[in-house]
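Novice: Input structure: upload.cif, which contains mmCIF, C-alpha atoms.
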data_my_file
#
loop_
_atom_site.group_PDB
_atom_site.id
_atom_site.type_symbol
_atom_site.label_atom_id
_atom_site.label_comp_id
_atom_site.auth_asym_id
_atom_site.auth_seq_id
_atom_site.Cartn_x
_atom_site.Cartn_y
_atom_site.Cartn_z
ATOM 1 C CA MET T 1 99.743 84.349 197.284
ATOM 2 C CA ILE T 2 100.674 80.646 197.454
ATOM 3 C CA ASP T 3 104.168 81.310 198.779
ATOM 4 C CA ALA T 4 102.691 83.510 201.508
ATOM 5 C CA VAL T 5 100.233 80.743 202.447
ATOM 6 C CA VAL T 6 103.015 78.150 202.602
ATOM 7 C CA GLU T 7 105.057 80.400 204.851
ATOM 8 C CA HIS T 8 102.159 81.415 207.071
ATOM 9 C CA PHE T 9 100.939 77.860 207.663
ATOM 10 C CA ARG T 10 104.538 76.623 208.071
ATOM 11 C CA LEU T 11 104.212 73.965 205.406
ATOM 12 C CA GLY T 12 107.905 73.818 204.547
ATOM 13 C CA ARG T 13 109.781 74.500 201.320
ATOM 14 C CA ARG T 14 107.654 74.269 198.181
ATOM 15 C CA LEU T 15 108.902 71.605 195.731
ATOM 16 C CA ALA T 16 106.836 72.404 192.604
ATOM 17 C CA PRO T 17 104.551 75.092 191.181
ATOM 18 C CA ALA T 18 101.084 75.146 192.730
ATOM 19 C CA ALA T 19 98.442 73.432 190.577
ATOM 20 C CA ARG T 20 94.976 74.953 190.294
ATOM 21 C CA VAL T 21 92.295 72.315 190.943
ATOM 22 C CA PRO T 22 89.275 72.588 188.612
ATOM 23 C CA GLY T 23 85.668 72.126 189.596
ATOM 24 C CA GLY T 24 85.179 74.269 192.700
ATOM 25 C CA LEU T 25 81.650 75.669 192.798
ATOM 26 C CA SER T 26 82.067 78.290 195.514
ATOM 27 C CA ASN T 27 85.800 78.701 196.193
ATOM 28 C CA GLU T 28 89.224 78.368 194.550
ATOM 29 C CA MET T 29 91.513 75.420 195.237
ATOM 30 C CA TRP T 30 95.185 74.671 194.641
ATOM 31 C CA ARG T 31 97.322 71.626 195.271
ATOM 32 C CA VAL T 32 100.644 72.527 196.844
ATOM 33 C CA VAL T 33 103.506 70.074 197.336
ATOM 34 C CA THR T 34 106.182 70.892 199.893
ATOM 35 C CA GLU T 35 108.938 69.017 201.658
ATOM 36 C CA SER T 36 106.482 68.188 204.460
ATOM 37 C CA GLY T 37 103.703 66.795 202.261
ATOM 38 C CA SER T 38 100.913 67.610 199.825
ATOM 39 C CA TYR T 39 98.221 70.148 200.731
ATOM 40 C CA ALA T 40 94.908 71.517 199.497
ATOM 41 C CA VAL T 41 94.879 75.321 199.751
ATOM 42 C CA LYS T 42 91.433 76.877 199.492
ATOM 43 C CA ARG T 43 90.828 80.567 198.864
ATOM 44 C CA MET T 44 87.376 81.424 200.140
ATOM 45 C CA VAL T 45 85.195 83.270 197.619
ATOM 46 C CA ALA T 46 81.487 82.695 198.212
ATOM 47 C CA SER T 47 79.804 84.878 200.860
ATOM 48 C CA VAL T 48 83.090 86.243 202.243
ATOM 49 C CA ASP T 49 81.555 89.733 202.537
ATOM 50 C CA ARG T 50 78.888 88.575 204.968
ATOM 51 C CA PRO T 51 79.537 89.895 208.473
ATOM 52 C CA ASP T 52 79.060 86.446 210.009
ATOM 53 C CA PHE T 53 81.219 84.573 207.476
ATOM 54 C CA VAL T 54 84.374 84.157 209.550
ATOM 55 C CA ALA T 55 82.463 83.229 212.716
ATOM 56 C CA ASN T 56 80.453 80.615 210.815
ATOM 57 C CA ILE T 57 83.553 79.022 209.256
ATOM 58 C CA GLU T 58 85.349 78.911 212.591
ATOM 59 C CA ALA T 59 82.301 77.329 214.268
ATOM 60 C CA SER T 60 82.210 74.709 211.520
ATOM 61 C CA PHE T 61 85.949 74.156 211.985
ATOM 62 C CA GLU T 62 85.455 73.242 215.634
ATOM 63 C CA ILE T 63 83.008 70.520 214.587
ATOM 64 C CA GLU T 64 85.425 69.353 211.891
ATOM 65 C CA ARG T 65 88.304 69.143 214.369
ATOM 66 C CA ARG T 66 86.229 67.132 216.851
ATOM 67 C CA ALA T 67 85.182 64.752 214.078
ATOM 68 C CA TYR T 68 88.809 64.277 213.024
ATOM 69 C CA ALA T 69 89.877 63.679 216.620
ATOM 70 C CA GLY T 70 87.016 61.178 216.933
ATOM 71 C CA GLY T 71 88.330 59.089 214.047
ATOM 72 C CA VAL T 72 85.969 60.158 211.257
ATOM 73 C CA PRO T 73 87.740 59.425 207.931
ATOM 74 C CA MET T 74 88.686 62.795 206.444
ATOM 75 C CA PRO T 75 91.719 64.821 205.337
ATOM 76 C CA ARG T 76 93.589 66.341 208.271
ATOM 77 C CA PRO T 77 92.711 70.025 208.699
ATOM 78 C CA VAL T 78 95.782 72.242 209.139
ATOM 79 C CA VAL T 79 95.366 74.621 212.059
ATOM 80 C CA GLU T 80 96.137 78.302 211.448
ATOM 81 C CA PRO T 81 99.202 78.812 213.666
ATOM 82 C CA VAL T 82 98.358 82.260 215.076
ATOM 83 C CA SER T 83 94.692 81.973 216.027
ATOM 84 C CA GLY T 84 94.452 78.192 216.307
ATOM 85 C CA GLY T 85 91.453 78.333 213.981
ATOM 86 C CA ALA T 86 90.869 77.601 210.305
ATOM 87 C CA LEU T 87 91.231 80.861 208.395
ATOM 88 C CA ALA T 88 94.187 83.077 207.691
ATOM 89 C CA ARG T 89 94.020 86.439 205.956
ATOM 90 C CA ILE T 90 96.729 86.525 203.296
ATOM 91 C CA GLY T 91 96.696 89.899 201.611
ATOM 92 C CA THR T 92 93.053 90.499 200.735
ATOM 93 C CA SER T 93 92.141 86.801 200.734
ATOM 94 C CA LEU T 94 90.875 84.396 203.364
ATOM 95 C CA VAL T 95 92.458 80.956 202.996
ATOM 96 C CA ARG T 96 92.503 77.605 204.760
ATOM 97 C CA VAL T 97 94.558 74.441 204.347
ATOM 98 C CA HIS T 98 94.078 70.658 204.553
ATOM 99 C CA GLU T 99 96.300 67.731 203.846
ATOM 100 C CA TRP T 100 95.736 66.528 200.290
ATOM 101 C CA ALA T 101 93.892 63.234 199.715
ATOM 102 C CA ASP T 102 94.270 61.431 196.388
ATOM 103 C CA SER T 103 91.262 59.683 194.934
ATOM 104 C CA THR T 104 91.401 56.041 193.903
ATOM 105 C CA PRO T 105 89.327 54.276 191.223
ATOM 106 C CA GLY T 106 85.848 53.042 192.063
ATOM 107 C CA ASP T 107 82.472 54.570 192.709
ATOM 108 C CA VAL T 108 81.381 55.365 196.251
ATOM 109 C CA SER T 109 78.244 53.421 197.169
ATOM 110 C CA VAL T 110 75.259 54.767 199.065
ATOM 111 C CA LEU T 111 75.862 52.167 201.794
ATOM 112 C CA GLU T 112 79.393 53.444 202.328
ATOM 113 C CA VAL T 113 78.142 57.021 202.562
ATOM 114 C CA MET T 114 75.497 56.095 205.115
ATOM 115 C CA GLY T 115 78.102 54.286 207.174
ATOM 116 C CA LEU T 116 80.286 57.402 206.994
ATOM 117 C CA LEU T 117 77.357 59.558 208.120
ATOM 118 C CA GLY T 118 76.812 57.191 211.022
ATOM 119 C CA ARG T 119 80.422 57.629 212.118
ATOM 120 C CA ILE T 120 80.038 61.409 211.937
ATOM 121 C CA HIS T 121 76.893 61.293 214.067
ATOM 122 C CA ALA T 122 78.500 58.910 216.562
ATOM 123 C CA VAL T 123 80.986 61.623 217.577
ATOM 124 C CA GLY T 124 78.633 64.566 217.006
ATOM 125 C CA GLY T 125 77.261 64.983 220.505
ATOM 126 C CA THR T 126 73.601 63.993 220.118
ATOM 127 C CA ARG T 127 71.162 65.941 222.335
ATOM 128 C CA LEU T 128 67.564 67.086 222.352
ATOM 129 C CA ASP T 129 67.280 70.542 220.821
ATOM 130 C CA GLU T 130 64.551 72.984 219.915
ATOM 131 C CA ARG T 131 63.302 72.946 216.339
ATOM 132 C CA ARG T 132 65.074 75.609 214.283
ATOM 133 C CA GLY T 133 64.213 77.596 211.206
ATOM 134 C CA GLY T 134 60.977 78.711 209.667
ATOM 135 C CA VAL T 135 58.664 77.177 207.113
ATOM 136 C CA TRP T 136 59.672 77.348 203.473
ATOM 137 C CA GLU T 137 57.168 79.417 201.488
ATOM 138 C CA SER T 138 56.300 77.013 198.683
ATOM 139 C CA GLN T 139 53.085 78.468 197.249
ATOM 140 C CA ARG T 140 54.749 79.937 194.158
ATOM 141 C CA TRP T 141 55.694 76.486 192.882
ATOM 142 C CA GLY T 142 52.318 74.840 192.369
ATOM 143 C CA GLN T 143 49.891 72.716 194.301
ATOM 144 C CA ASP T 144 51.819 69.433 194.311
ATOM 145 C CA ILE T 145 54.920 71.021 195.812
ATOM 146 C CA THR T 146 52.879 73.112 198.256
ATOM 147 C CA VAL T 147 51.010 70.033 199.479
ATOM 148 C CA LEU T 148 54.337 68.252 199.984
ATOM 149 C CA ALA T 149 55.816 71.186 201.933
ATOM 150 C CA GLU T 150 52.784 71.368 204.207
ATOM 151 C CA LEU T 151 52.820 67.605 204.754
ATOM 152 C CA VAL T 152 56.466 67.456 205.872
ATOM 153 C CA THR T 153 56.185 70.428 208.256
ATOM 154 C CA ALA T 154 53.168 69.091 210.142
ATOM 155 C CA GLY T 155 53.486 66.969 213.253
ATOM 156 C CA ALA T 156 57.182 67.380 213.994
ATOM 157 C CA PRO T 157 58.068 67.264 217.698
ATOM 158 C CA ALA T 158 58.929 70.539 219.395
ATOM 159 C CA ARG T 159 62.299 69.052 220.376
ATOM 160 C CA LEU T 160 64.355 66.869 218.056
ATOM 161 C CA LEU T 161 67.464 64.771 218.490
ATOM 162 C CA ALA T 162 70.166 67.072 217.112
ATOM 163 C CA VAL T 163 73.805 66.372 216.294
ATOM 164 C CA ASP T 164 76.826 68.352 215.138
ATOM 165 C CA SER T 165 77.382 67.066 211.622
ATOM 166 C CA HIS T 166 78.750 67.689 208.136
ATOM 167 C CA ARG T 167 75.427 68.910 206.633
ATOM 168 C CA ASP T 168 76.612 68.710 203.003
ATOM 169 C CA LEU T 169 77.529 65.072 202.406
ATOM 170 C CA ASP T 170 76.737 65.035 198.694
ATOM 171 C CA ARG T 171 78.721 63.444 195.872
ATOM 172 C CA LYS T 172 81.197 66.287 195.449
ATOM 173 C CA ASN T 173 82.154 66.064 199.127
ATOM 174 C CA VAL T 174 82.847 62.321 199.400
ATOM 175 C CA LEU T 175 86.062 60.779 198.091
ATOM 176 C CA ARG T 176 87.301 57.238 197.756
ATOM 177 C CA SER T 177 90.962 57.122 198.746
ATOM 178 C CA GLU T 178 93.497 54.439 199.586
ATOM 179 C CA HIS T 179 92.417 54.889 203.209
ATOM 180 C CA GLY T 180 88.700 54.374 202.488
ATOM 181 C CA VAL T 181 85.811 56.743 201.930
ATOM 182 C CA LEU T 182 86.491 60.283 203.198
ATOM 183 C CA ALA T 183 84.276 63.264 204.054
ATOM 184 C CA LEU T 184 85.576 66.456 202.415
ATOM 185 C CA ASP T 185 84.701 70.155 202.756
ATOM 186 C CA TRP T 186 83.268 70.780 206.213
ATOM 187 C CA ASP T 187 82.545 74.485 205.647
ATOM 188 C CA ALA T 188 78.796 73.934 206.168
ATOM 189 C CA ALA T 189 79.168 71.815 209.326
ATOM 190 C CA GLY T 190 76.809 72.606 212.181
ATOM 191 C CA PRO T 191 73.910 71.305 214.271
ATOM 192 C CA ILE T 192 71.106 69.463 212.474
ATOM 193 C CA PRO T 193 68.256 67.100 213.399
ATOM 194 C CA ALA T 194 69.861 63.677 213.061
ATOM 195 C CA VAL T 195 67.001 61.817 211.413
ATOM 196 C CA GLN T 196 66.393 64.600 208.907
ATOM 197 C CA GLU T 197 70.009 64.489 207.779
ATOM 198 C CA VAL T 198 69.807 60.698 207.453
ATOM 199 C CA VAL T 199 66.785 61.012 205.193
ATOM 200 C CA ALA T 200 68.368 63.831 203.175
ATOM 201 C CA VAL T 201 71.586 61.927 202.503
ATOM 202 C CA ALA T 202 69.663 58.740 201.689
ATOM 203 C CA LEU T 203 67.509 60.628 199.166
ATOM 204 C CA ASP T 204 70.496 62.370 197.590
ATOM 205 C CA TRP T 205 72.351 59.088 197.080
ATOM 206 C CA ALA T 206 69.606 56.471 196.679
ATOM 207 C CA GLY T 207 66.896 58.558 195.038
ATOM 208 C CA PHE T 208 63.244 57.594 195.349
ATOM 209 C CA ASP T 209 63.652 53.831 194.944
ATOM 210 C CA ALA T 210 62.100 52.401 198.110
ATOM 211 C CA VAL T 211 64.363 49.345 198.288
ATOM 212 C CA ALA T 212 67.568 51.375 197.885
ATOM 213 C CA PHE T 213 66.276 53.985 200.324
ATOM 214 C CA ARG T 214 65.538 51.362 202.972
ATOM 215 C CA ALA T 215 68.955 49.761 202.481
ATOM 216 C CA ALA T 216 70.591 53.165 202.942
ATOM 217 C CA VAL T 217 68.702 53.829 206.166
ATOM 218 C CA ASP T 218 69.562 50.344 207.474
ATOM 219 C CA ALA T 219 73.260 50.967 206.764
ATOM 220 C CA TYR T 220 73.071 54.046 208.976
ATOM 221 C CA ARG T 221 71.122 52.253 211.708
ATOM 222 C CA SER T 222 73.722 49.495 211.865
ATOM 223 C CA THR T 223 76.389 52.103 212.659
ATOM 224 C CA VAL T 224 74.544 54.299 215.166
ATOM 225 C CA GLY T 225 71.316 52.563 216.185
ATOM 226 C CA ILE T 226 69.133 55.687 215.937
ATOM 227 C CA GLU T 227 65.665 54.768 214.716
ATOM 228 C CA LEU T 228 63.821 56.811 212.093
ATOM 229 C CA PRO T 229 60.102 57.315 212.704
ATOM 230 C CA ALA T 230 57.939 56.598 209.668
ATOM 231 C CA GLU T 231 56.410 60.084 209.729
ATOM 232 C CA PRO T 232 56.398 62.730 206.972
ATOM 233 C CA TRP T 233 58.258 65.354 209.042
ATOM 234 C CA VAL T 234 61.505 63.368 208.739
ATOM 235 C CA PHE T 235 61.620 64.568 205.102
ATOM 236 C CA GLY T 236 61.232 68.204 206.154
ATOM 237 C CA GLY T 237 64.909 69.132 206.140
ATOM 238 C CA TRP T 238 65.438 67.800 202.622
ATOM 239 C CA VAL T 239 62.344 69.580 201.301
ATOM 240 C CA ALA T 240 63.362 72.888 202.886
ATOM 241 C CA GLY T 241 66.883 72.600 201.483
ATOM 242 C CA GLN T 242 65.650 71.846 197.979
ATOM 243 C CA GLY T 243 63.085 74.616 198.221
ATOM 244 C CA GLU T 244 65.568 77.235 199.333
ATOM 245 C CA TRP T 245 67.920 76.239 196.498
ATOM 246 C CA LEU T 246 64.990 76.473 194.082
ATOM 247 C CA ASP T 247 64.133 79.971 195.318
ATOM 248 C CA TYR T 248 67.757 81.123 195.182
ATOM 249 C CA ASN T 249 68.197 80.108 191.554
ATOM 250 C CA ALA T 250 64.825 81.497 190.546
ATOM 251 C CA ASP T 251 65.494 84.839 192.223
ATOM 252 C CA HIS T 252 69.187 85.325 191.425
ATOM 253 C CA ARG T 253 70.271 83.144 188.476
ATOM 254 C CA ILE T 254 67.216 82.632 186.303
ATOM 255 C CA ASP T 255 68.827 84.708 183.530
ATOM 256 C CA THR T 256 71.604 82.108 183.179
ATOM 257 C CA GLU T 257 71.446 78.639 181.661
ATOM 258 C CA LEU T 258 72.863 77.139 184.864
ATOM 259 C CA GLY T 259 70.236 78.884 186.967
ATOM 260 C CA ARG T 260 67.397 77.677 184.743
ATOM 261 C CA ASP T 261 68.769 74.136 184.799
ATOM 262 C CA GLU T 262 68.979 74.203 188.608
ATOM 263 C CA VAL T 263 65.401 75.492 188.894
ATOM 264 C CA ALA T 264 64.156 72.662 186.684
ATOM 265 C CA ALA T 265 66.203 70.055 188.546
ATOM 266 C CA ALA T 266 65.070 71.195 192.011
ATOM 267 C CA ARG T 267 61.421 71.238 190.941
ATOM 268 C CA ASP T 268 61.796 67.728 189.510
ATOM 269 C CA ARG T 269 63.353 66.489 192.756
ATOM 270 C CA LEU T 270 60.545 67.944 194.861
ATOM 271 C CA ARG T 271 57.899 66.522 192.565
ATOM 272 C CA GLY T 272 59.704 63.193 192.652
ATOM 273 C CA LEU T 273 59.410 63.087 196.427
ATOM 274 C CA ALA T 274 55.777 64.178 196.274
ATOM 275 C CA ALA T 275 55.043 61.196 194.040
ATOM 276 C CA SER T 276 57.133 58.772 196.118
ATOM 277 C CA ILE T 277 56.715 59.767 199.743
ATOM 278 C CA ASP T 278 54.073 57.163 200.572
ATOM 279 C CA LYS T 279 56.231 54.243 199.415
ATOM 280 C CA LEU T 280 59.276 55.717 201.172
ATOM 281 C CA LEU T 281 57.318 55.964 204.414
ATOM 282 C CA ASP T 282 56.288 52.344 203.947
ATOM 283 C CA ALA T 283 59.983 51.483 203.519
ATOM 284 C CA LEU T 284 60.757 53.131 206.866
ATOM 285 C CA ARG T 285 58.110 50.936 208.495
#
In structure tokens, write the structure found in this file.

Specialist:
Amino acid sequence: MIDAVVEHFRLGRRLAPAARVPGGLSNEMWRVVTESGSYAVKRMVASVDRPDFVANIEASFEIERRAYAGGVPMPRPVVEPVSGGALARIGTSLVRVHEWADSTPGDVSVLEVMGLLGRIHAVGGTRLDERRGGVWESQRWGQDITVLAELVTAGAPARLLAVDSHRDLDRKNVLRSEHGVLALDWDAAGPIPAVQEVVAVALDWAGFDAVAFRAAVDAYRSTVGIELPAEPWVFGGWVAGQGEWLDYNADHRIDTELGRDEVAAARDRLRGLAASIDKLLDALR
């Protein structure tokens, strides 16, 4: 398959055997070196049978391309030469290609990530948009989590400041390279309420420590200038995301050790926010 990908994407003559990259959670990845450069070739695996899969990836690719054109630090996406989109069908597989980015030593800090998120939002076309999505059904997970879910869904405005963004800026998707901190894997890119993504990324990287959380939010503000209201609904996106992941593992993977571990971890994260939300709201003030 790799030779067909190299030919289809016009990457030039291959100089070495393709190397499988370990660690992919949802897809398969290879590093391919050709006379024109080094590339990451991804074979899509997760959810490829869904009827909306291709359309969703191509919509995310448009956001990725605009972010790259706007100067967001990221590996260059390689355009599929026939359609001008992201995906090519090679045999029975759907694949896409990016330029390879080598990592360099050193941990990525939460402040760097928040600055990166600010740069993504700065080119993401902010606009007022209708609230999207339903309410996560949390009752099965106990009173403390249910109270939290109800708290963060109450009082949100009917229209929120939305932005086209990455939507999955966690630790596996941020890389320190010789060119700085890069945003990887834009397959989940799409519109999102800006302040809810800020809070979600700050929680994922800074945890529930109020001082670190406030510093993370300030790092974002210094890049974009968008203010975060000190109201519980700003945590709603993070709670819904954790809750949906909790439900997925409980309903589909509870018979595996990984699934049970993910259920326990998601419940702990939600309970952590329930215990910390008051001090985090104070930090926003």

Novice: Using all atoms listed in the file, determine which residues lie at most 12 Å from Arg13 of chain T, disregarding the query and same-chain residues fewer than 4 positions distant; provide the list as a CSV table (one decimal) with C-alpha atoms, keeping the file's coordinate frame.

Specialist:
chain,number,residue,atom,x,y,z
T,2,ILE,CA,100.7,80.6,197.5
T,3,ASP,CA,104.2,81.3,198.8
T,4,ALA,CA,102.7,83.5,201.5
T,5,VAL,CA,100.2,80.7,202.4
T,6,VAL,CA,103.0,78.2,202.6
T,7,GLU,CA,105.1,80.4,204.9
T,8,HIS,CA,102.2,81.4,207.1
T,9,PHE,CA,100.9,77.9,207.7
T,17,PRO,CA,104.6,75.1,191.2
T,32,VAL,CA,100.6,72.5,196.8
T,33,VAL,CA,103.5,70.1,197.3
T,34,THR,CA,106.2,70.9,199.9
T,35,GLU,CA,108.9,69.0,201.7
T,36,SER,CA,106.5,68.2,204.5
T,37,GLY,CA,103.7,66.8,202.3
T,38,SER,CA,100.9,67.6,199.8

Novice: What would the selection look like, as a list in words, if the PyMOL selection byres ((chain T and resi 161) around 8) were run on the coordinates I just shared?

Specialist: Thr126, Arg127, Leu128, Asp129, Arg159, Leu160, Ala162, Val163, Pro193, Ala194 and Val195 of chain T

Novice: With only C-alpha atoms as the atoms that count, which of T:Phe213, T:Trp100, T:Tyr220, T:Phe235 lies nearest to Leu151 of chain T?

Specialist: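 Among the listed residues, T:Phe235 lies closest to Leu151 of chain T.
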
Novice: For the provided coordinates, the residues matched by the PyMOL selection byres ((chain T and resi 262) around 12) should be stated as a list in words.

Specialist: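 Selection result, ordered by chain and number: Gln242, Gly243, Glu244, Trp245, Leu246, Asp247, Tyr248, Asn249, Ala250, Asp251, His252, Arg253, Ile254, Asp255, Thr256, Glu257, Leu258, Gly259, Arg260, Asp261, Val263, Ala264, Ala265, Ala266, Arg267, Asp268 and Arg269 of chain T.
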
Novice: For each of T:Asp209, T:Glu227, T:Asp218, T:Glu150, take the minimum atom-to-atom distance to Ser276 of chain T, counting all atoms listed in the file, then give the residue where this is smallest.

Specialist: T:Asp209

Novice: How many Å lie between atom CA of Ala101 of chain T and atom CA of His121 of chain T, rounded to one decimal?

Specialist: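 Taking atom CA of Ala101 of chain T as the start and atom CA of His121 of chain T as the end point, the length is 22.3 Å.
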
Novice: Between T:Val78, T:Leu280, T:Ala188, T:Thr146, which one has atoms that come closest to Arg65 of chain T, using all atoms listed in the file?

Specialist: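 Between T:Val78, T:Leu280, T:Ala188, T:Thr146, the residue approaching Arg65 of chain T most closely is T:Val78.
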
Novice: Starting from the PyMOL selection byres ((chain T and resi 49-57) around 9), expand the selection into actual residues of this file and give them as JSON, numbers by chain.

Specialist: {"T": [45, 46, 47, 48, 58, 59, 60, 61, 62, 86, 87, 94, 186, 187, 188, 189, 190]}

Novice: Take segment 188-196 of chain T, bring it up to all heavy atoms, and give me the output as a CSV table (one decimal), keeping the file's coordinate frame.

Specialist:
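This went into selection39.csv:
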chain,number,residue,atom,x,y,z
T,188,ALA,N,80.2,73.8,205.8
T,188,ALA,CA,78.8,73.9,206.2
T,188,ALA,C,78.5,73.2,207.4
T,188,ALA,O,77.3,73.1,207.8
T,188,ALA,CB,77.9,73.4,205.0
T,189,ALA,N,79.4,72.6,208.1
T,189,ALA,CA,79.2,71.8,209.3
T,189,ALA,C,78.4,72.6,210.4
T,189,ALA,O,78.7,73.8,210.6
T,189,ALA,CB,80.5,71.3,209.9
T,190,GLY,N,77.6,71.9,211.1
T,190,GLY,CA,76.8,72.6,212.2
T,190,GLY,C,75.8,71.7,212.8
T,190,GLY,O,75.7,70.5,212.4
T,191,PRO,N,75.0,72.2,213.7
T,191,PRO,CA,73.9,71.3,214.3
T,191,PRO,C,72.8,71.1,213.3
T,191,PRO,O,72.4,71.9,212.5
T,191,PRO,CB,73.4,72.1,215.5
T,191,PRO,CG,73.8,73.5,215.1
T,191,PRO,CD,75.0,73.5,214.3
T,192,ILE,N,72.2,69.8,213.4
T,192,ILE,CA,71.1,69.5,212.5
T,192,ILE,C,70.3,68.3,213.1
T,192,ILE,O,70.9,67.5,213.9
T,192,ILE,CB,71.7,69.0,211.1
T,192,ILE,CG1,70.6,68.8,210.1
T,192,ILE,CG2,72.5,67.7,211.2
T,192,ILE,CD1,71.1,68.6,208.7
T,193,PRO,N,69.0,68.3,212.9
T,193,PRO,CA,68.3,67.1,213.4
T,193,PRO,C,68.8,65.8,212.8
T,193,PRO,O,68.9,65.7,211.5
T,193,PRO,CB,66.8,67.4,213.0
T,193,PRO,CG,66.8,68.9,212.9
T,193,PRO,CD,68.1,69.3,212.4
T,194,ALA,N,69.2,64.9,213.6
T,194,ALA,CA,69.9,63.7,213.1
T,194,ALA,C,69.0,62.9,212.0
T,194,ALA,O,69.5,62.6,210.9
T,194,ALA,CB,70.2,62.8,214.2
T,195,VAL,N,67.8,62.6,212.3
T,195,VAL,CA,67.0,61.8,211.4
T,195,VAL,C,66.7,62.5,210.1
T,195,VAL,O,66.6,61.9,209.0
T,195,VAL,CB,65.7,61.3,212.1
T,195,VAL,CG1,66.0,60.5,213.3
T,195,VAL,CG2,64.8,62.5,212.4
T,196,GLN,N,66.6,63.9,210.1
T,196,GLN,CA,66.4,64.6,208.9
T,196,GLN,C,67.6,64.6,208.0
T,196,GLN,O,67.5,64.5,206.8
T,196,GLN,CB,65.9,66.0,209.2
T,196,GLN,CG,64.5,66.1,209.8
T,196,GLN,CD,64.0,67.5,209.9
T,196,GLN,OE1,64.7,68.5,209.9
T,196,GLN,NE2,62.7,67.6,209.8
